file entry37.txt (compact mmCIF, C-alpha atoms)
# COMPACT_ATOMS: atom_id res chain seq x y z
CA MET S 1 85.82 41.21 138.82
CA THR S 2 82.85 41.14 141.20
CA ASP S 3 85.11 42.59 143.93
CA ASN S 4 84.50 45.99 142.42
CA ALA S 5 80.79 45.51 142.81
CA THR S 6 80.98 44.29 146.40
CA ARG S 7 82.65 47.44 147.73
CA ALA S 8 79.71 49.79 147.56
CA PRO S 9 77.68 48.82 150.62
CA ARG S 10 76.05 52.20 151.07
CA LEU S 11 74.56 52.02 147.59
CA THR S 12 72.81 48.69 148.05
CA ASN S 13 69.22 48.76 149.22
CA GLY S 14 66.71 46.19 150.52
CA SER S 15 67.05 43.71 147.66
CA GLY S 16 70.84 43.42 148.14
CA ARG S 17 73.69 43.06 145.67
CA GLY S 18 72.65 39.64 144.39
CA GLY S 19 69.14 40.96 143.84
CA ASP S 20 70.45 43.95 141.92
CA PHE S 21 72.70 41.80 139.76
CA ALA S 22 69.79 39.43 138.99
CA ALA S 23 67.49 42.36 138.21
CA GLY S 24 69.98 43.74 135.70
CA PHE S 25 70.55 40.30 134.23
CA LEU S 26 66.80 39.73 133.67
CA THR S 27 66.39 43.20 132.18
CA ILE S 28 69.04 42.65 129.51
CA LEU S 29 68.04 39.07 128.54
CA PRO S 30 65.59 40.01 125.72
CA VAL S 31 68.34 42.10 124.11
CA LEU S 32 70.54 39.00 123.90
CA ILE S 33 68.43 37.66 121.02
CA ALA S 34 69.68 40.54 118.88
CA VAL S 35 73.23 40.03 120.17
CA VAL S 36 73.17 36.38 119.07
CA VAL S 37 72.11 37.24 115.51
CA TYR S 38 74.45 40.22 115.08
CA GLY S 39 77.27 38.25 116.73
CA LEU S 40 76.93 35.30 114.36
CA LEU S 41 76.70 37.69 111.40
CA PHE S 42 79.78 39.63 112.53
CA GLY S 43 81.82 36.45 113.04
CA THR S 44 80.82 35.20 109.59
CA LEU S 45 81.79 38.45 107.84
CA ALA S 46 85.08 38.68 109.78
CA ALA S 47 85.99 35.12 108.75
CA GLN S 48 85.28 36.05 105.11
CA LYS S 49 87.91 38.81 105.49
CA GLY S 50 90.46 36.25 106.70
CA LEU S 51 90.30 36.82 110.46
CA SER S 52 90.70 33.64 112.52
CA ALA S 53 88.24 32.64 115.24
CA LEU S 54 90.86 33.52 117.87
CA GLU S 55 91.35 37.00 116.35
CA VAL S 56 87.60 37.54 116.28
CA ALA S 57 87.29 36.46 119.93
CA LEU S 58 90.12 38.83 120.93
CA MET S 59 88.60 41.74 119.02
CA SER S 60 85.20 41.18 120.65
CA ALA S 61 86.75 40.88 124.12
CA MET S 62 89.10 43.89 123.79
CA VAL S 63 87.02 46.32 121.71
CA PHE S 64 83.46 45.18 122.55
CA ALA S 65 81.74 47.71 120.29
CA GLY S 66 79.55 46.20 117.58
CA ALA S 67 79.23 49.08 115.12
CA SER S 68 82.97 49.84 115.08
CA GLN S 69 83.81 46.14 114.73
CA PHE S 70 81.53 45.87 111.69
CA VAL S 71 83.18 48.97 110.22
CA ALA S 72 86.67 47.64 110.95
CA VAL S 73 86.01 44.34 109.21
CA ASP S 74 84.38 46.17 106.29
CA ILE S 75 87.59 48.18 105.67
CA TRP S 76 89.94 45.35 106.76
CA THR S 77 92.95 44.76 104.49
CA ALA S 78 95.83 42.29 104.62
CA PRO S 79 98.03 43.50 106.24
CA PRO S 80 95.68 45.68 108.32
CA SER S 81 96.06 49.46 108.19
CA ILE S 82 96.51 50.02 111.92
CA LEU S 83 96.22 53.82 112.06
CA LEU S 84 93.16 53.90 109.83
CA LEU S 85 91.45 51.20 111.93
CA GLY S 86 92.23 53.06 115.15
CA ALA S 87 91.05 56.41 113.80
CA THR S 88 87.87 54.85 112.41
CA ALA S 89 87.10 53.10 115.72
CA LEU S 90 87.60 56.44 117.46
CA MET S 91 85.14 58.21 115.17
CA VAL S 92 82.47 55.52 115.07
CA ASN S 93 82.54 55.29 118.88
CA LEU S 94 82.48 59.04 119.56
CA ARG S 95 78.87 58.74 120.70
CA HIS S 96 80.30 57.05 123.82
CA VAL S 97 81.66 60.44 124.89
CA LEU S 98 78.16 61.87 125.19
CA MET S 99 76.84 58.63 126.69
CA GLY S 100 79.55 58.66 129.39
CA ALA S 101 78.84 62.31 130.10
CA ALA S 102 75.13 61.49 130.57
CA LEU S 103 75.99 58.60 132.89
CA ALA S 104 78.32 60.66 135.10
CA PRO S 105 75.71 62.21 137.45
CA ARG S 106 74.15 58.75 137.99
CA VAL S 107 77.35 57.15 139.32
CA LYS S 108 78.36 59.90 141.75
CA GLY S 109 78.44 57.57 144.79
CA TRP S 110 80.61 54.94 143.07
CA ARG S 111 84.34 54.57 143.63
CA ARG S 112 86.42 56.02 140.79
CA VAL S 113 87.87 52.59 139.92
CA GLN S 114 84.35 51.09 139.76
CA VAL S 115 83.32 53.79 137.29
CA TYR S 116 86.32 53.40 134.97
CA PHE S 117 86.00 49.60 135.10
CA SER S 118 82.26 49.77 134.33
CA LEU S 119 82.77 52.23 131.47
CA PHE S 120 84.71 49.55 129.56
CA PHE S 121 81.41 47.65 129.17
CA MET S 122 79.30 50.67 128.22
CA ALA S 123 77.24 49.88 125.09
CA ASP S 124 74.01 51.36 123.73
CA GLU S 125 71.80 48.73 125.38
CA ASN S 126 73.14 48.59 128.95
CA TRP S 127 73.62 52.38 128.93
CA ALA S 128 69.97 52.93 128.03
CA PHE S 129 68.74 50.50 130.69
CA ALA S 130 71.12 51.98 133.29
CA LEU S 131 69.69 55.49 132.71
CA GLN S 132 66.16 54.07 132.86
CA ARG S 133 66.98 52.44 136.22
CA ALA S 134 68.63 55.62 137.54
CA ALA S 135 65.44 57.57 136.82
CA LYS S 136 63.57 55.38 139.36
CA ARG S 137 66.15 54.36 142.00
CA PRO S 138 69.90 54.61 142.66
CA LEU S 139 72.00 52.84 140.04
CA THR S 140 74.27 50.30 141.74
CA PRO S 141 77.45 48.70 140.33
CA ALA S 142 75.81 45.27 140.84
CA TYR S 143 72.81 46.20 138.67
CA TYR S 144 75.11 47.66 136.00
CA LEU S 145 77.24 44.48 135.99
CA GLY S 146 74.06 42.40 135.71
CA LEU S 147 73.22 44.38 132.57
CA SER S 148 76.74 44.24 131.16
CA LEU S 149 78.19 40.76 131.71
CA PRO S 150 75.53 38.85 129.67
CA LEU S 151 76.06 41.30 126.80
CA TYR S 152 79.84 40.92 127.02
CA ALA S 153 79.90 37.12 127.31
CA GLY S 154 77.18 36.74 124.66
CA TRP S 155 79.01 38.98 122.18
CA ILE S 156 82.33 37.13 122.55
CA ALA S 157 80.68 33.69 122.32
CA THR S 158 78.46 34.37 119.30
CA THR S 159 81.06 36.28 117.26
CA THR S 160 83.54 33.43 117.80
CA LEU S 161 80.94 30.84 116.78
CA GLY S 162 80.14 32.92 113.70
CA ALA S 163 83.83 32.97 112.75
CA ILE S 164 84.13 29.19 113.08
CA PHE S 165 81.03 28.76 110.90
CA GLY S 166 81.96 31.55 108.50
CA GLU S 167 85.30 30.01 107.57
CA ALA S 168 83.32 27.21 105.94
CA LEU S 169 80.89 29.47 104.04
CA LYS S 170 81.75 29.95 100.35
CA SER S 171 80.59 32.73 97.97
CA PRO S 172 78.67 34.92 100.47
CA GLU S 173 77.26 37.11 97.63
CA ARG S 174 74.80 34.31 96.85
CA TYR S 175 73.04 35.10 100.13
CA GLY S 176 73.43 38.85 99.77
CA LEU S 177 75.95 38.80 102.64
CA ASP S 178 78.16 41.37 100.88
CA PHE S 179 75.23 43.75 101.41
CA ALA S 180 74.92 42.77 105.10
CA PHE S 181 77.34 45.51 106.24
CA THR S 182 75.30 48.19 104.52
CA ALA S 183 72.06 46.70 105.89
CA VAL S 184 73.44 46.59 109.45
CA PHE S 185 74.64 50.21 109.25
CA LEU S 186 71.32 51.36 107.79
CA THR S 187 69.43 49.80 110.71
CA LEU S 188 71.88 51.36 113.19
CA LEU S 189 71.29 54.69 111.45
CA ALA S 190 67.51 54.24 111.76
CA GLY S 191 68.06 53.96 115.53
CA LEU S 192 70.21 57.11 115.63
CA TRP S 193 67.67 59.28 113.78
CA GLN S 194 66.89 62.37 115.88
CA GLY S 195 64.40 64.01 113.54
CA ARG S 196 65.32 67.24 111.75
CA ARG S 197 68.55 67.63 113.73
CA SER S 198 69.99 64.58 111.98
CA LEU S 199 69.10 65.70 108.48
CA SER S 200 71.83 68.23 107.70
CA PRO S 201 74.80 66.31 109.21
CA TRP S 202 73.76 63.14 107.39
CA LEU S 203 73.13 64.82 104.02
CA VAL S 204 76.41 66.74 104.21
CA SER S 205 78.23 63.54 105.17
CA ALA S 206 76.67 61.52 102.33
CA ALA S 207 77.54 64.21 99.77
CA ALA S 208 81.14 64.51 101.01
CA ALA S 209 81.54 60.72 101.12
CA VAL S 210 80.26 60.19 97.56
CA ALA S 211 82.54 62.97 96.26
CA ALA S 212 85.58 61.58 98.14
CA TYR S 213 84.74 58.03 97.01
CA HIS S 214 85.11 59.16 93.39
CA LEU S 215 88.16 61.38 93.90
CA LEU S 216 90.33 59.65 96.52
CA PRO S 217 91.76 56.14 96.99
CA GLY S 218 90.97 53.76 99.84
CA VAL S 219 88.44 54.56 102.56
CA TRP S 220 89.20 58.26 102.98
CA TYR S 221 85.56 58.86 102.14
CA ILE S 222 84.62 57.61 105.64
CA ALA S 223 86.86 60.08 107.49
CA LEU S 224 85.93 62.99 105.21
CA GLY S 225 82.19 62.24 105.39
CA GLY S 226 82.41 61.97 109.19
CA LEU S 227 84.32 65.27 109.47
CA ALA S 228 81.92 67.08 107.14
CA GLY S 229 78.97 65.78 109.18
CA ALA S 230 80.66 66.87 112.43
CA LEU S 231 81.07 70.40 111.01
CA ALA S 232 77.38 70.45 110.10
CA GLY S 233 76.59 69.31 113.66
CA ALA S 234 78.82 72.05 115.11
CA LEU S 235 76.93 74.67 113.08
CA GLN S 236 73.70 73.46 114.66
CA GLY S 237 75.10 73.66 118.18
CA GLU S 238 73.96 71.53 121.09
CA ARG S 239 70.57 69.93 121.61
CA PRO S 240 68.30 71.68 124.15
CA ALA S 241 68.18 68.47 126.28
CA ASP S 242 72.00 68.45 126.54
CA ILE S 243 71.97 71.87 128.18
CA GLU S 244 69.68 70.57 130.93
CA ARG S 245 71.85 67.47 131.27
CA ALA S 246 75.00 69.58 131.75
CA GLU S 247 73.25 71.65 134.44
CA ASP S 248 72.11 68.43 136.10
CA ALA S 249 75.71 67.22 136.22
CA ALA S 250 77.17 70.49 137.52
CA MET E 251 93.35 29.13 114.61
CA GLN E 252 96.18 31.67 114.28
CA LEU E 253 97.03 35.09 115.64
CA ASP E 254 98.81 37.48 113.30
CA PRO E 255 100.97 40.05 115.18
CA LEU E 256 99.84 42.93 112.94
CA THR E 257 96.21 41.93 113.40
CA PHE E 258 96.74 41.86 117.15
CA ALA E 259 98.34 45.32 117.01
CA ALA E 260 95.36 46.64 115.02
CA ILE E 261 92.92 45.15 117.54
CA ALA E 262 94.91 46.65 120.44
CA VAL E 263 94.88 50.12 118.84
CA MET E 264 91.14 49.81 118.19
CA ALA E 265 90.64 48.75 121.82
CA ILE E 266 92.58 51.76 123.16
CA ALA E 267 90.70 54.18 120.88
CA THR E 268 87.36 52.67 121.89
CA TYR E 269 88.07 52.71 125.62
CA ALA E 270 89.18 56.33 125.29
CA THR E 271 85.73 57.24 123.92
CA ARG E 272 84.08 55.41 126.82
CA GLY E 273 86.18 57.00 129.54
CA VAL E 274 86.57 60.55 128.29
CA GLY E 275 82.91 61.62 128.54
CA TYR E 276 82.83 60.88 132.28
CA TRP E 277 86.24 62.48 132.70
CA LEU E 278 85.15 65.61 130.78
CA VAL E 279 82.00 66.10 132.87
CA ARG E 280 84.07 65.84 136.04
CA HIS E 281 86.44 68.54 134.77
CA LYS E 282 84.47 70.79 132.42
CA THR E 283 81.12 71.20 130.70
CA VAL E 284 80.63 69.78 127.21
CA SER E 285 78.39 72.25 125.45
CA GLY E 286 77.77 74.49 122.46
CA ARG E 287 79.27 73.69 119.08
CA PHE E 288 81.54 70.98 120.48
CA ALA E 289 78.53 69.05 121.83
CA GLY E 290 76.75 69.52 118.50
CA ALA E 291 79.74 68.15 116.60
CA LEU E 292 80.14 65.16 118.95
CA GLU E 293 76.44 64.36 118.66
CA ALA E 294 76.58 64.39 114.86
CA VAL E 295 79.72 62.29 114.38
CA PRO E 296 78.43 58.70 114.80
CA GLY E 297 75.49 59.17 112.40
CA ALA E 298 77.71 61.06 109.96
CA VAL E 299 80.33 58.28 110.00
CA LEU E 300 77.73 55.57 109.42
CA THR E 301 76.18 57.62 106.61
CA ALA E 302 79.60 58.04 105.00
CA ILE E 303 80.23 54.29 105.20
CA ILE E 304 77.01 53.33 103.45
CA ALA E 305 76.95 56.20 100.93
CA PRO E 306 78.94 54.52 98.10
CA MET E 307 76.98 51.25 98.35
CA ALA E 308 73.62 53.00 98.76
CA PHE E 309 74.01 55.75 96.12
CA VAL E 310 76.78 54.81 93.68
CA THR E 311 77.07 51.04 93.16
CA GLY E 312 73.86 50.39 91.19
CA PRO E 313 70.05 50.33 91.18
CA ALA E 314 69.85 46.92 92.93
CA GLU E 315 71.95 48.15 95.88
CA SER E 316 70.12 51.52 96.08
CA GLY E 317 66.76 49.74 95.99
CA ALA E 318 67.81 47.25 98.66
CA ALA E 319 69.05 50.13 100.85
CA LEU E 320 65.68 51.84 100.60
CA ILE E 321 63.89 48.55 101.40
CA THR E 322 66.17 47.99 104.43
CA VAL E 323 65.32 51.43 105.85
CA LEU E 324 61.58 50.94 105.29
CA LEU E 325 61.73 47.51 106.97
CA ALA E 326 63.76 48.96 109.89
CA LEU E 327 60.96 51.45 110.58
CA ARG E 328 58.40 48.62 110.98
CA LEU E 329 60.21 45.41 111.97
CA PRO E 330 62.86 44.28 114.45
CA LEU E 331 66.25 45.38 113.11
CA ILE E 332 67.45 41.82 112.60
CA LEU E 333 64.58 41.13 110.21
CA ALA E 334 65.34 44.38 108.38
CA VAL E 335 68.94 43.21 107.82
CA ALA E 336 67.74 39.82 106.55
CA GLY E 337 65.14 41.49 104.31
CA GLY E 338 67.76 43.86 102.89
CA CYS E 339 70.09 40.97 102.01
CA LEU E 340 67.23 39.05 100.34
CA ALA E 341 66.20 42.21 98.49
CA VAL E 342 69.68 42.73 97.05
CA VAL E 343 69.80 39.13 95.79
CA GLY E 344 66.37 39.53 94.14
CA LEU E 345 67.04 42.98 92.67
CA ARG E 346 70.41 41.90 91.25
CA LEU E 347 68.62 39.08 89.39
CA LEU E 348 66.01 41.60 88.22
CA PHE E 349 68.51 44.24 87.01
CA GLY E 350 70.88 41.60 85.63
call {"tool": "encode", "arguments": {"input": "entry37.txt", "output": "structure tokens"}}
result
Amino acid sequence: MTDNATRAPRLTNGSGRGGDFAAGFLTILPVLIAVVVYGLLFGTLAAQKGLSALEVALMSAMVFAGASQFVAVDIWTAPPSILLLGATALMVNLRHVLMGAALAPRVKGWRRVQVYFSLFFMADENWAFALQRAAKRPLTPAYYLGLSLPLYAGWIATTTLGAIFGEALKSPERYGLDFAFTAVFLTLLAGLWQGRRSLSPWLVSAAAAVAAYHLLPGVWYIALGGLAGALAGALQGERPADIERAEDAA
Amino acid sequence: MQLDPLTFAAIAVMAIATYATRGVGYWLVRHKTVSGRFAGALEAVPGAVLTAIIAPMAFVTGPAESGAALITVLLALRLPLILAVAGGCLAVVGLRLLFG
């Protein structure tokens, strides 16, 4: 795994690869507090839906995307609806497309395989810190791995622990845990708020979702709300900052 | 500790879909510019999906859930997000008692 990081000698500077890895590691540590709490909560909710600790560990290791994992467990059925889960993961994670596009100019000196390997670990937190680093000095694979591996290991460990604990927890409504999904998504939304630009896609999505919730079976309201919001976003066009970013990348 | 084959298949499909979103942005920028209405739509999708997910619970289920949703958002503006989640869950328990 670290082999990928060791093959970029011309990108390392005075502090060296180990220094870069440690710097990334220290930068991401405070974020791990949030990962522990969300991880335990996710594992608990997943266990309530009948997922085993092994299944939770596999999902965290293979998908490694908190928001979409919460959504998946929220709409989880027995047996699982595979296409719906895949399509929903795709939609919830679409922000990664823009994040990857923003990262592209910062990893120009990396080997292609290093980039595609690193992208697997791209999450909101390490992405934000990677861009912050790139604004000051060259972003190295070692620094990026230092940001990413604690997040990855911490997410797998805490979600699995949560699942082991959650199997033992009876009647979660008593603690308001059935509302935890909604609360988690509301806080994620608060972080996504972009001012007036967010208003029309979100209102259109909420209206479409409520209508579809009344008229259609299952969780079609999620797909229809997402599509309606995307159309509202398309009508607005791109954000001024994205135009600069595209020119930067060209 | 068991592993259901259908569950594993669902996780694998989710993993492929998720990795696709992570890889395609970089790939796109290397091959063409993401701009205009397409960029606007992509930007709006995650927030729109999350809004759609919470809409029934926040607006349709009942006054306790709507009130707790409002409290969660207000807490999220002031406090660490974890505390906002905990506060929202406590609020729904209290409001359900209140509204019977």
call {"tool": "closest_residue", "arguments": {"input": "entry37.txt", "among": "E:Ala265, E:Leu348, E:Gly273, E:Phe258", "to": "Pro313 of chain E", "atoms": "all atoms listed in the file"}}
result
E:Leu348
call {"tool": "closest_residue", "arguments": {"input": "entry37.txt", "among": "S:Arg239, S:Arg95, S:Arg197, S:Arg133", "to": "Thr271 of chain E", "atoms": "only C-alpha atoms"}}
result
S:Arg95
call {"tool": "closest_atom_pairs", "arguments": {"input": "entry37.txt", "of": "chain E", "to": "chain S", "cutoff": "6 Å", "atoms": "all atoms listed in the file", "output": "tab-separated table"}}
result
residue	atom	partner	partner_atom	distance
E:Met251	CA	S:Ser52	CA	5.6
E:Ala260	CA	S:Ile82	CA	4.7
E:Ile261	CA	S:Met59	CA	5.7
E:Val263	CA	S:Gly86	CA	5.4
E:Met264	CA	S:Gly86	CA	4.6
E:Ala265	CA	S:Val63	CA	4.4
E:Ala267	CA	S:Leu90	CA	5.1
E:Thr268	CA	S:Leu90	CA	5.8
E:Thr271	CA	S:Val97	CA	5.3
E:Arg272	CA	S:His96	CA	5.1
E:Val274	CA	S:Val97	CA	6.0
E:Gly275	CA	S:Val97	CA	4.0
E:Tyr276	CA	S:Ala101	CA	4.8
E:Val279	CA	S:Ala101	CA	5.7
E:Gly286	CA	S:Glu238	CA	5.0
E:Arg287	CA	S:Gly237	CA	4.3
E:Ala289	CA	S:Glu238	CA	5.3
E:Gly290	CA	S:Glu238	CA	4.3
E:Ala291	CA	S:Ala234	CA	4.3
E:Ala294	CA	S:Gly233	CA	5.1
E:Val295	CA	S:Ala230	CA	5.1
E:Pro296	CA	S:Val92	CA	5.1
E:Ala298	CA	S:Gly226	CA	4.8
E:Val299	CA	S:Gly226	CA	4.3
E:Thr301	CA	S:Ala206	CA	5.8
E:Ala302	CA	S:Gly225	CA	4.9
E:Ile303	CA	S:Ile222	CA	5.5
E:Ile304	CA	S:Thr182	CA	5.5
E:Ala305	CA	S:Ala206	CA	5.5
E:Pro306	CA	S:Val210	CA	5.8
E:Ala326	CA	S:Thr187	CA	5.8
E:Leu331	CA	S:Thr187	CA	6.0
E:Val335	CA	S:Ala183	CA	5.1
E:Gly338	CA	S:Ala183	CA	6.0
E:Cys339	CA	S:Gly176	CA	4.5
E:Val343	CA	S:Gly176	CA	5.4
call {"tool": "atom_distance", "arguments": {"input": "entry37.txt", "atom1": "atom CA of Leu145 of chain S", "atom2": "atom CA of Phe21 of chain S"}}
result
6.5 Å
call {"tool": "atom_distance", "arguments": {"input": "entry37.txt", "atom1": "atom CA of Ala142 of chain S", "atom2": "atom CA of Ala130 of chain S"}}
result
11.1 Å
call {"tool": "residues_around", "arguments": {"input": "entry37.txt", "residues": "Ala163 of chain S", "least_positions_apart": "4", "cutoff": "9 Å", "atoms": "only C-alpha atoms", "output": "list in words"}}
result
Leu40, Leu41, Phe42, Gly43, Thr44, Leu45, Ala46, Ala47, Gln48, Leu51, Ser52, Ala53, Leu54, Val56, Ala57, Thr158, Thr159, Glu167 and Ala168 of chain S
call {"tool": "write_last_selection", "arguments": {"input": "entry37.txt", "atoms": "C-alpha atoms", "output": "compact mmCIF listing (two decimals), keeping the file's coordinate frame"}}
result
# COMPACT_ATOMS: atom_id res chain seq x y z
CA LEU S 40 76.93 35.30 114.36
CA LEU S 41 76.70 37.69 111.40
CA PHE S 42 79.78 39.63 112.53
CA GLY S 43 81.82 36.45 113.04
CA THR S 44 80.82 35.20 109.59
CA LEU S 45 81.79 38.45 107.84
CA ALA S 46 85.08 38.68 109.78
CA ALA S 47 85.99 35.12 108.75
CA GLN S 48 85.28 36.05 105.11
CA LEU S 51 90.30 36.82 110.46
CA SER S 52 90.70 33.64 112.52
CA ALA S 53 88.24 32.64 115.24
CA LEU S 54 90.86 33.52 117.87
CA VAL S 56 87.60 37.54 116.28
CA ALA S 57 87.29 36.46 119.93
CA THR S 158 78.46 34.37 119.30
CA THR S 159 81.06 36.28 117.26
CA GLU S 167 85.30 30.01 107.57
CA ALA S 168 83.32 27.21 105.94
